[in-house]
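Asker: Provided herewith: input34.pdb, PDB, C-alpha atoms.
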```pdb
ATOM      1  CA  MET J   1      40.807  67.152  59.404
ATOM      2  CA  LYS J   2      40.648  68.587  62.905
ATOM      3  CA  GLN J   3      44.421  69.220  62.818
ATOM      4  CA  ASN J   4      44.026  71.324  59.711
ATOM      5  CA  ARG J   5      41.373  73.426  61.489
ATOM      6  CA  TRP J   6      43.778  74.109  64.410
ATOM      7  CA  PHE J   7      46.486  75.292  62.018
ATOM      8  CA  LYS J   8      43.923  77.576  60.423
ATOM      9  CA  TYR J   9      42.953  79.103  63.816
ATOM     10  CA  ILE J  10      46.569  79.478  64.901
ATOM     11  CA  GLY J  11      47.442  81.127  61.591
ATOM     12  CA  MET J  12      44.549  83.568  61.871
ATOM     13  CA  ALA J  13      45.489  84.443  65.459
ATOM     14  CA  ALA J  14      49.120  85.022  64.494
ATOM     15  CA  PHE J  15      48.048  87.211  61.573
ATOM     16  CA  ALA J  16      45.764  89.261  63.861
ATOM     17  CA  LEU J  17      48.606  89.681  66.358
ATOM     18  CA  VAL J  18      50.957  90.935  63.644
ATOM     19  CA  LEU J  19      48.356  93.398  62.372
ATOM     20  CA  SER J  20      47.649  94.755  65.864
ATOM     21  CA  ALA J  21      51.375  95.235  66.518
ATOM     22  CA  MET J  22      51.754  97.135  63.249
ATOM     23  CA  ALA J  23      48.718  99.319  63.924
ATOM     24  CA  ALA J  24      49.620 100.167  67.531
ATOM     25  CA  PRO J  25      51.339 103.534  67.854
ATOM     26  CA  THR J  26      54.841 103.261  69.196
ATOM     27  CA  ALA J  27      55.710 105.339  72.217
ATOM     28  CA  GLN J  28      58.313 107.969  71.492
ATOM     29  CA  ALA J  29      61.121 108.184  74.018
ATOM     30  CA  LEU J  30      61.162 111.293  76.188
ATOM     31  CA  THR J  31      64.195 113.497  75.599
ATOM     32  CA  VAL J  32      65.166 116.750  77.268
ATOM     33  CA  ASN J  33      67.595 119.382  75.988
ATOM     34  CA  ALA J  34      69.188 121.853  78.449
ATOM     35  CA  PHE J  35      70.690 125.153  77.302
ATOM     36  CA  VAL J  36      71.895 128.560  78.506
ATOM     37  CA  VAL J  37      69.534 131.415  77.667
ATOM     38  CA  ARG J  38      71.690 134.334  78.850
ATOM     39  CA  GLN J  39      74.330 135.476  81.336
ATOM     40  CA  SER J  40      74.365 138.797  83.189
ATOM     41  CA  CYS J  41      76.940 140.241  85.573
ATOM     42  CA  VAL J  42      75.710 141.128  89.053
ATOM     43  CA  ASN J  43      77.675 142.278  92.112
ATOM     44  CA  GLY J  44      81.190 142.329  90.674
ATOM     45  CA  ASP J  45      82.431 138.782  90.064
ATOM     46  CA  ILE J  46      79.049 137.043  90.052
ATOM     47  CA  VAL J  47      77.163 135.952  86.928
ATOM     48  CA  GLN J  48      73.440 135.350  86.884
ATOM     49  CA  VAL J  49      72.867 132.525  84.380
ATOM     50  CA  THR J  50      69.434 131.792  82.961
ATOM     51  CA  LEU J  51      69.008 128.123  82.078
ATOM     52  CA  SER J  52      66.137 126.452  80.265
ATOM     53  CA  ALA J  53      65.117 123.160  78.702
ATOM     54  CA  THR J  54      62.824 121.725  76.057
ATOM     55  CA  VAL J  55      61.321 118.242  75.797
ATOM     56  CA  GLN J  56      60.350 115.988  72.926
ATOM     57  CA  PRO J  57      57.661 114.931  72.392
ATOM     58  CA  HIS J  58      55.851 118.029  73.622
ATOM     59  CA  LEU J  59      54.313 116.810  76.870
ATOM     60  CA  GLN J  60      53.417 118.381  80.172
ATOM     61  CA  VAL J  61      56.447 117.672  82.352
ATOM     62  CA  ARG J  62      58.054 118.998  85.499
ATOM     63  CA  TYR J  63      61.722 119.918  85.776
ATOM     64  CA  ARG J  64      64.396 119.579  88.455
ATOM     65  CA  TRP J  65      67.779 121.295  88.232
ATOM     66  CA  ASP J  66      71.169 120.298  89.639
ATOM     67  CA  PHE J  67      73.158 123.523  89.276
ATOM     68  CA  ASN J  68      76.629 122.085  89.940
ATOM     69  CA  ASN J  69      76.246 118.541  88.535
ATOM     70  CA  ASP J  70      76.988 116.919  91.897
ATOM     71  CA  GLY J  71      74.115 114.451  91.609
ATOM     72  CA  VAL J  72      71.892 116.324  94.079
ATOM     73  CA  PHE J  73      68.983 118.245  92.620
ATOM     74  CA  ASP J  74      68.850 121.811  93.914
ATOM     75  CA  THR J  75      65.207 122.476  93.038
ATOM     76  CA  GLY J  76      61.905 120.763  93.586
ATOM     77  CA  LEU J  77      59.700 119.786  90.659
ATOM     78  CA  LEU J  78      58.952 122.907  88.604
ATOM     79  CA  LEU J  79      56.424 123.494  85.825
ATOM     80  CA  ASN J  80      58.551 126.248  84.253
ATOM     81  CA  PRO J  81      61.722 124.961  82.553
ATOM     82  CA  THR J  82      63.458 128.361  82.780
ATOM     83  CA  ILE J  83      65.376 129.208  85.931
ATOM     84  CA  THR J  84      68.240 131.467  87.047
ATOM     85  CA  HIS J  85      71.227 130.670  89.214
ATOM     86  CA  ARG J  86      74.300 132.649  90.262
ATOM     87  CA  TYR J  87      77.842 131.416  89.604
ATOM     88  CA  PRO J  88      81.337 132.933  89.979
ATOM     89  CA  ASP J  89      82.608 134.554  86.788
ATOM     90  CA  GLU J  90      85.084 132.928  84.385
ATOM     91  CA  ARG J  91      84.389 129.361  85.525
ATOM     92  CA  LEU J  92      83.547 126.227  83.581
ATOM     93  CA  ARG J  93      80.249 124.932  84.948
ATOM     94  CA  THR J  94      77.886 122.053  84.227
ATOM     95  CA  ALA J  95      74.209 122.057  85.138
ATOM     96  CA  ARG J  96      71.932 119.045  84.857
ATOM     97  CA  VAL J  97      68.174 118.918  84.293
ATOM     98  CA  MET J  98      65.668 116.133  84.783
ATOM     99  CA  ALA J  99      62.253 116.171  83.097
ATOM    100  CA  VAL J 100      59.508 113.995  84.610
ATOM    101  CA  THR J 101      56.137 113.150  83.043
ATOM    102  CA  PRO J 102      52.999 112.717  85.185
ATOM    103  CA  ASN J 103      53.372 108.918  84.898
ATOM    104  CA  GLY J 104      57.001 108.999  86.085
ATOM    105  CA  VAL J 105      58.971 108.734  82.827
ATOM    106  CA  ARG J 106      62.271 110.607  83.263
ATOM    107  CA  ALA J 107      64.837 112.106  80.929
ATOM    108  CA  PHE J 108      68.131 113.842  81.774
ATOM    109  CA  ASP J 109      70.500 116.263  80.069
ATOM    110  CA  ARG J 110      73.533 118.395  80.949
ATOM    111  CA  VAL J 111      74.747 121.731  79.690
ATOM    112  CA  THR J 112      78.376 122.781  80.159
ATOM    113  CA  PHE J 113      79.287 126.445  79.791
ATOM    114  CA  MET J 114      81.901 129.042  80.697
ATOM    115  CA  THR J 115      80.548 131.886  82.772
ATOM    116  CA  ARG J 116      81.337 135.286  81.360
ATOM    117  CA  ARG J 117      83.938 137.661  82.729
ATOM    118  CA  CYS J 118      82.476 140.285  85.022
ATOM    119  CA  GLY J 119      85.186 141.592  87.362
ATOM    120  CA  GLY J 120      87.958 143.950  86.319
ATOM    121  CA  GLY J 121      85.809 146.056  84.004
ATOM    122  CA  GLY J 122      84.675 143.141  81.832
ATOM    123  CA  GLY J 123      80.962 143.623  82.784
TER     124      GLY J 123
END
```
Please, can you express the file's structure as structure tokens?
Answerer:
Amino acid sequence: MKQNRWFKYIGMAAFALVLSAMAAPTAQALTVNAFVVRQSCVNGDIVQVTLSATVQPHLQVRYRWDFNNDGVFDTGLLLNPTITHRYPDERLRTARVMAVTPNGVRAFDRVTFMTRRCGGGGG
């Protein structure tokens, strides 16, 4: 009879565990999306590129940018996702962004783009 009682307790505990797992909200993975906002010619053959990023889910994060995708971040942690950087014109470039939550969760993305033509009257 005592064995039957143990099976009953174990069954109830397993059922409670299953219910709590189903009721617990699942954490959504942090994702970041980098993109080019605009490009403007400055000083002849130089293009000022405005880059930005969005995150999902919408959380307060900080951003770091690696403007030439060399693995070294060129900025500190920034609250504003939008930033400008200057590149030579008519070049294929890749920039990388990292988003970091207050508890250290990180997400990365890259954006590859061709800078516009500025020199030779293309402004």
Asker: In Å, how far is it from atom CA of J:Arg64 to atom CA of J:Val47?
Answerer: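 Going from atom CA of J:Arg64 over to atom CA of J:Val47, I get 20.8 Å.
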Asker: Would you be able to write out as a list in words which residues have an atom within 6 Å of (71.6, 130.8, 83.2) in the file's coordinates, counting all atoms listed in the file?
Answerer: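 Taken together, the residues in range are Val36, Val37, Arg38, Gln39, Val49, Thr50, Leu51 and Thr84 of chain J.
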Asker: Run the PyMOL selection byres ((chain J and resi 68-82) around 9) against the file shown and list the residues it catches, as a PyMOL selection string.
Answerer: chain J and resi 37+50-54+60-67+83-84+93-100+110
Asker: Which one is closest to J:Val42: J:Leu92, J:His85, J:Leu59, J:Arg106? Count only C-alpha atoms.
Answerer: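 Residue with the minimum atom-to-atom distance to J:Val42: J:His85.
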Asker: Which is closest to J:Arg116 among J:Pro88, J:Thr31, J:Pro57, J:Gly104, if we use only C-alpha atoms?
Answerer: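 Of J:Pro88, J:Thr31, J:Pro57, J:Gly104, the one nearest J:Arg116 is J:Pro88, counting only C-alpha atoms.
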Asker: In Å to one decimal, how far is atom CA of J:Ala107 from atom CA of J:Arg86?
Answerer: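 Taking atom CA of J:Arg86 as the start and atom CA of J:Ala107 as the end point, the length is 24.5 Å.
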Asker: Rounded to one decimal in Å, what is the spacing between atom CA of J:Leu30 and atom CA of J:Phe113?
Answerer: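 Computing the Euclidean distance for atom CA of J:Leu30 and atom CA of J:Phe113 yields 23.9 Å.
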Asker: Check the smallest atom-to-atom distance from each of J:Asp89, J:Gln28, J:Asp109, J:Asn103 to J:Ser40 using only C-alpha atoms, then report the winner.
Answerer: J:Asp89
Asker: Could you pull the residues within 7 Å of J:Gly44, counting all atoms listed in the file, minus those fewer than 3 positions along the same chain, as a short mmCIF file (atom, residue, chain, number, x, y, z; two decimals) with C-alpha atoms, in the coordinates of the input?
Answerer:
```cif
data_model
loop_
_atom_site.label_atom_id
_atom_site.label_comp_id
_atom_site.auth_asym_id
_atom_site.auth_seq_id
_atom_site.Cartn_x
_atom_site.Cartn_y
_atom_site.Cartn_z
CA CYS J 41 76.94 140.24 85.57
CA CYS J 118 82.48 140.28 85.02
CA GLY J 119 85.19 141.59 87.36
#
```
Asker: Closest to J:Gln48 among J:Val111, J:Arg117, J:Thr101, J:Tyr87, using all atoms listed in the file?
Answerer: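 Using all atoms listed in the file, J:Gln48 sits closest to J:Tyr87.
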